[in-house]
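Undergrad: One structure is given below, represented as structure tokens, and several questions about it will come after.
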Amino acid sequence: MRIYLDWNATTPLRPEAKAAMAHAWEIGGNPSSVHAEGREARRLVEDARAVVAAAVGADAQDVVFTSGGTEANSLALTPGLTRGKGPAVERLLISAIEHASVLSGGRFAVEAIRHIGVTRDGVVDLDRLRVLLDGKAALVSIMLANNETGAIQPVAEAAEIVHAAGGLLHVDAIQALGKIPFDLASTGADLMSLSAHKIGGPKGVGALVLAEGVEGLAPLLRGGGQEKGRRAGTEDVAGIVGFGAAAKAALASRESDAGREKGLRVRLETGLGEVPGVLVFAEKVKRLPNTVLFAVPGMRAETAVISFDLAGIAVSSGSACSSGKVQPSHVVEAMGYGAELAQGAVRLSLGWSTTEADIDLALEAWRKLADGLLRGGRNTA
């Protein structure tokens, strides 16, 4: 029996989402059709839209369904966005620890993009944000919780700074949904990205949520008038329905799941710390209850990931990479720890079905790996 400790990469499909999707698959209509079958498909989509909107305190009409978090982020990074009487934003500021889909810059020209540094604890440097803004409007993108370290970012404080300069704030809340309490108003976000498969929904479905009054969102996909003209293409009815069911279930159990997962995380970190030299990143700041990123000087992440896998335990080196290869952590590098630790960072992330026995078995595997590192002088390159 294998143990899954890579919940930040993706989560198992929740029973509630699976059941809702099975029902949706029986509905044969296109949600843009006017006949009875089409109207039923449309009803399912709109019911799910209302649930997702409620999960972040938004209006349903301001939820744009996408093919996932990457598309939601790419759609958000649009030059020319405005809100109210504010100016159109023509430059982009991105924190150095963002997901690759944000670091790519969306549709902004390379010369219009600047990166915001982070502290040694992996928290966005707000003083640096002020300097880069220089009192002028920009679109700023800062994730709510980092997918590698779990560090929760000061997005509400950032929003005040950004709005004072006449700019807009995009918040990638994909890792935070279902794990910590927040909403559109409390974060100050003008745009917010979400993803279904991080909360027990299906892969390939996400959403971009807009605050009231945001204008100028040019669609990535053009064609039909779906999603109020903001994202063309026939909606994935079953996927969207699964997203809604997962969001409802995740929020219902969020408080109890978070408390239990934090206890397991403490148990895990205590065990990891028994090995000399272990460094847990961002341990001094507020983090997601389920996330641990650690490293040991001289240990390569690839060695650790493979060792855990052979022991029947799924972990990762950080963000899931499309190449399927272990890559150095750009987050650890941005925190100023250097290439060696960036190449050795290993992430364990927990979920609603993780047990104490799972943690104990993971620690047993870790002790065996660490014993080999110590006996071998940690020369694992």
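By order in the structure tokens, chains are A, B, ...; within a chain, residues start at 1; ligands start at 1, following the order shown.
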For Ser104 (chain A), please output as number ranges by chain all residues within 10 Å (counting only C-alpha atoms; exclusion window: fewer than 3 positions along the same chain).

TA: A: 73-74, 77, 94, 98-101, 107-108, 110, 113

Undergrad: How would you write, as a list of chain:residue names, the set of residues in region 275-361 of chain A that DSSP gives as strand (DSSP E)?

TA: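 Listing strand (DSSP E) positions across region 275-361 of chain A yields A:Leu279, A:Val280, A:Thr291, A:Val292, A:Leu293, A:Phe294, A:Ala295, A:Ile313, A:Ala314, A:Val346, A:Arg347, A:Leu348, A:Ser349.
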
Undergrad: Would you give me, as a Markdown table, each residue of region 173-198 of chain A having an atom within 8 Å of an atom of region 286-293 of chain A, along with its shortest atom pair and that distance in Å to one decimal, using only C-alpha atoms and sorting by chain and residue number?

TA:
| residue | atom | partner | partner_atom | distance |
| --- | --- | --- | --- | --- |
| A:Ala176 | CA | A:Leu288 | CA | 7.4 |
| A:Lys179 | CA | A:Leu288 | CA | 6.8 |
| A:Ile180 | CA | A:Leu288 | CA | 7.2 |

Undergrad: Mind checking which residues fall within 9 Å of Ala50 (chain A), counting only C-alpha atoms, ignoring those fewer than 5 positions away in the same chain, and posting them as a PDB file with N, CA and C atoms, in the first residue's frame?

TA:
ATOM      1  N   VAL A  45     -24.135  24.159 -14.650  1.00  0.00           N
ATOM      2  CA  VAL A  45     -22.980  25.053 -14.707  1.00  0.00           C
ATOM      3  C   VAL A  45     -23.188  26.258 -13.797  1.00  0.00           C
ATOM      4  N   ALA A  55     -17.594  30.620  -2.359  1.00  0.00           N
ATOM      5  CA  ALA A  55     -16.404  30.147  -1.640  1.00  0.00           C
ATOM      6  C   ALA A  55     -15.393  31.260  -1.416  1.00  0.00           C
ATOM      7  N   ALA A  58     -17.557  36.202  -3.838  1.00  0.00           N
ATOM      8  CA  ALA A  58     -17.704  36.955  -5.090  1.00  0.00           C
ATOM      9  C   ALA A  58     -19.116  36.808  -5.635  1.00  0.00           C
ATOM     10  N   ASP A  59     -19.443  37.626  -6.637  1.00  0.00           N
ATOM     11  CA  ASP A  59     -20.700  37.467  -7.360  1.00  0.00           C
ATOM     12  C   ASP A  59     -20.519  36.402  -8.432  1.00  0.00           C
ATOM     13  N   ALA A  60     -21.534  35.582  -8.616  1.00  0.00           N
ATOM     14  CA  ALA A  60     -21.436  34.493  -9.594  1.00  0.00           C
ATOM     15  C   ALA A  60     -21.118  35.000 -10.988  1.00  0.00           C
ATOM     16  N   GLN A  61     -21.642  36.172 -11.346  1.00  0.00           N
ATOM     17  CA  GLN A  61     -21.425  36.701 -12.691  1.00  0.00           C
ATOM     18  C   GLN A  61     -19.959  37.067 -12.936  1.00  0.00           C
ATOM     19  N   VAL A  63     -17.344  35.113 -12.074  1.00  0.00           N
ATOM     20  CA  VAL A  63     -16.534  33.895 -12.129  1.00  0.00           C
ATOM     21  C   VAL A  63     -16.404  33.450 -13.581  1.00  0.00           C
ATOM     22  N   GLY A 244     -17.536  22.589  -8.380  1.00  0.00           N
ATOM     23  CA  GLY A 244     -18.480  23.113  -7.404  1.00  0.00           C
ATOM     24  C   GLY A 244     -18.680  22.184  -6.224  1.00  0.00           C
TER      25      GLY A 244
END

Undergrad: At a cut-off of 12 Å, using only C-alpha atoms, what residues contact Ala185 (chain A)? Leave out same-chain residues fewer than 5 positions from it and give the result as a PDB file with N, CA and C atoms, in the first residue's frame.

TA:
ATOM      1  N   ALA A  55     -17.594  30.620  -2.359  1.00  0.00           N
ATOM      2  CA  ALA A  55     -16.404  30.147  -1.640  1.00  0.00           C
ATOM      3  C   ALA A  55     -15.393  31.260  -1.416  1.00  0.00           C
ATOM      4  N   VAL A  56     -15.402  32.286  -2.282  1.00  0.00           N
ATOM      5  CA  VAL A  56     -14.454  33.398  -2.136  1.00  0.00           C
ATOM      6  C   VAL A  56     -15.163  34.743  -2.014  1.00  0.00           C
ATOM      7  N   GLY A  57     -16.467  34.706  -1.706  1.00  0.00           N
ATOM      8  CA  GLY A  57     -17.207  35.936  -1.466  1.00  0.00           C
ATOM      9  C   GLY A  57     -17.374  36.815  -2.683  1.00  0.00           C
ATOM     10  N   ALA A  58     -17.557  36.202  -3.838  1.00  0.00           N
ATOM     11  CA  ALA A  58     -17.704  36.955  -5.090  1.00  0.00           C
ATOM     12  C   ALA A  58     -19.116  36.808  -5.635  1.00  0.00           C
ATOM     13  N   ASP A  59     -19.443  37.626  -6.637  1.00  0.00           N
ATOM     14  CA  ASP A  59     -20.700  37.467  -7.360  1.00  0.00           C
ATOM     15  C   ASP A  59     -20.519  36.402  -8.432  1.00  0.00           C
ATOM     16  N   VAL A 155      -0.957  39.571   1.335  1.00  0.00           N
ATOM     17  CA  VAL A 155      -1.636  40.131   0.164  1.00  0.00           C
ATOM     18  C   VAL A 155      -2.533  41.313   0.525  1.00  0.00           C
ATOM     19  N   ALA A 156      -3.133  41.303   1.711  1.00  0.00           N
ATOM     20  CA  ALA A 156      -3.993  42.426   2.089  1.00  0.00           C
ATOM     21  C   ALA A 156      -3.175  43.709   2.225  1.00  0.00           C
ATOM     22  N   ALA A 159      -2.216  44.821  -1.198  1.00  0.00           N
ATOM     23  CA  ALA A 159      -3.346  45.439  -1.898  1.00  0.00           C
ATOM     24  C   ALA A 159      -3.460  46.922  -1.563  1.00  0.00           C
ATOM     25  N   GLU A 160      -3.255  47.266  -0.302  1.00  0.00           N
ATOM     26  CA  GLU A 160      -3.320  48.678   0.090  1.00  0.00           C
ATOM     27  C   GLU A 160      -2.261  49.495  -0.634  1.00  0.00           C
ATOM     28  N   LEU A 169      -4.405  44.301  -8.125  1.00  0.00           N
ATOM     29  CA  LEU A 169      -3.727  43.150  -7.552  1.00  0.00           C
ATOM     30  C   LEU A 169      -4.366  41.853  -8.016  1.00  0.00           C
ATOM     31  N   VAL A 171      -4.290  37.834  -7.290  1.00  0.00           N
ATOM     32  CA  VAL A 171      -3.901  36.881  -6.259  1.00  0.00           C
ATOM     33  C   VAL A 171      -4.139  35.462  -6.758  1.00  0.00           C
ATOM     34  N   ASP A 190      -8.170  42.166  -6.850  1.00  0.00           N
ATOM     35  CA  ASP A 190      -9.005  42.599  -7.961  1.00  0.00           C
ATOM     36  C   ASP A 190      -9.291  41.434  -8.902  1.00  0.00           C
ATOM     37  N   LEU A 191      -8.357  40.488  -8.951  1.00  0.00           N
ATOM     38  CA  LEU A 191      -8.520  39.258  -9.713  1.00  0.00           C
ATOM     39  C   LEU A 191      -7.961  38.115  -8.883  1.00  0.00           C
ATOM     40  N   MET A 192      -8.582  36.942  -8.953  1.00  0.00           N
ATOM     41  CA  MET A 192      -8.155  35.803  -8.138  1.00  0.00           C
ATOM     42  C   MET A 192      -8.270  34.506  -8.934  1.00  0.00           C
ATOM     43  N   VAL A 209     -11.624  34.767 -10.923  1.00  0.00           N
ATOM     44  CA  VAL A 209     -12.691  35.524 -10.276  1.00  0.00           C
ATOM     45  C   VAL A 209     -12.327  37.004 -10.309  1.00  0.00           C
ATOM     46  N   LEU A 210     -13.253  37.834 -10.728  1.00  0.00           N
ATOM     47  CA  LEU A 210     -13.022  39.266 -10.841  1.00  0.00           C
ATOM     48  C   LEU A 210     -13.756  40.007  -9.737  1.00  0.00           C
ATOM     49  N   ALA A 211     -13.119  41.038  -9.199  1.00  0.00           N
ATOM     50  CA  ALA A 211     -13.815  41.927  -8.281  1.00  0.00           C
ATOM     51  C   ALA A 211     -14.751  42.824  -9.076  1.00  0.00           C
ATOM     52  N   GLU A 212     -15.734  43.372  -8.399  1.00  0.00           N
ATOM     53  CA  GLU A 212     -16.705  44.243  -9.073  1.00  0.00           C
ATOM     54  C   GLU A 212     -16.005  45.427  -9.727  1.00  0.00           C
TER      55      GLU A 212
END

Undergrad: Show me, as number ranges by chain, the residues that have an atom within 8 Å of His170 (chain A) when counting only C-alpha atoms, minus same-chain residues fewer than 3 positions from it.

TA: A: 76, 139-143, 189-193

Undergrad: Take the selection from the previous step and output its residues with N, CA, C and O atoms, as a compact mmCIF listing (two decimals), in the first residue's frame.

TA:
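As written to disk, selection_4.txt reads:
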# COMPACT_ATOMS: atom_id res chain seq x y z
N ALA A 76 -5.52 36.36 -16.38
CA ALA A 76 -5.47 37.52 -15.48
C ALA A 76 -4.40 38.52 -15.88
O ALA A 76 -4.58 39.73 -15.73
N LEU A 139 -0.16 46.30 -12.67
CA LEU A 139 -0.79 45.07 -12.23
C LEU A 139 0.26 44.31 -11.42
O LEU A 139 1.38 44.10 -11.88
N VAL A 140 -0.10 43.93 -10.20
CA VAL A 140 0.81 43.22 -9.31
C VAL A 140 0.24 41.83 -9.06
O VAL A 140 -0.96 41.68 -8.78
N SER A 141 1.09 40.81 -9.16
CA SER A 141 0.63 39.43 -8.95
C SER A 141 1.41 38.80 -7.79
O SER A 141 2.64 38.66 -7.87
N ILE A 142 0.68 38.47 -6.73
CA ILE A 142 1.27 37.84 -5.55
C ILE A 142 0.37 36.69 -5.11
O ILE A 142 -0.83 36.89 -4.89
N MET A 143 0.91 35.51 -4.97
CA MET A 143 0.11 34.36 -4.55
C MET A 143 -0.25 34.47 -3.07
O MET A 143 0.49 35.07 -2.28
N ALA A 189 -8.01 41.55 -3.34
CA ALA A 189 -7.71 41.16 -4.72
C ALA A 189 -8.69 41.77 -5.71
O ALA A 189 -9.90 41.82 -5.45
N ASP A 190 -8.17 42.17 -6.85
CA ASP A 190 -9.01 42.60 -7.96
C ASP A 190 -9.29 41.43 -8.90
O ASP A 190 -10.31 41.41 -9.58
N LEU A 191 -8.36 40.49 -8.95
CA LEU A 191 -8.52 39.26 -9.71
C LEU A 191 -7.96 38.12 -8.88
O LEU A 191 -6.96 38.28 -8.18
N MET A 192 -8.58 36.94 -8.95
CA MET A 192 -8.16 35.80 -8.14
C MET A 192 -8.27 34.51 -8.93
O MET A 192 -9.30 34.24 -9.56
N SER A 193 -7.22 33.71 -8.91
CA SER A 193 -7.19 32.43 -9.63
C SER A 193 -7.47 31.27 -8.69
O SER A 193 -6.98 31.25 -7.55
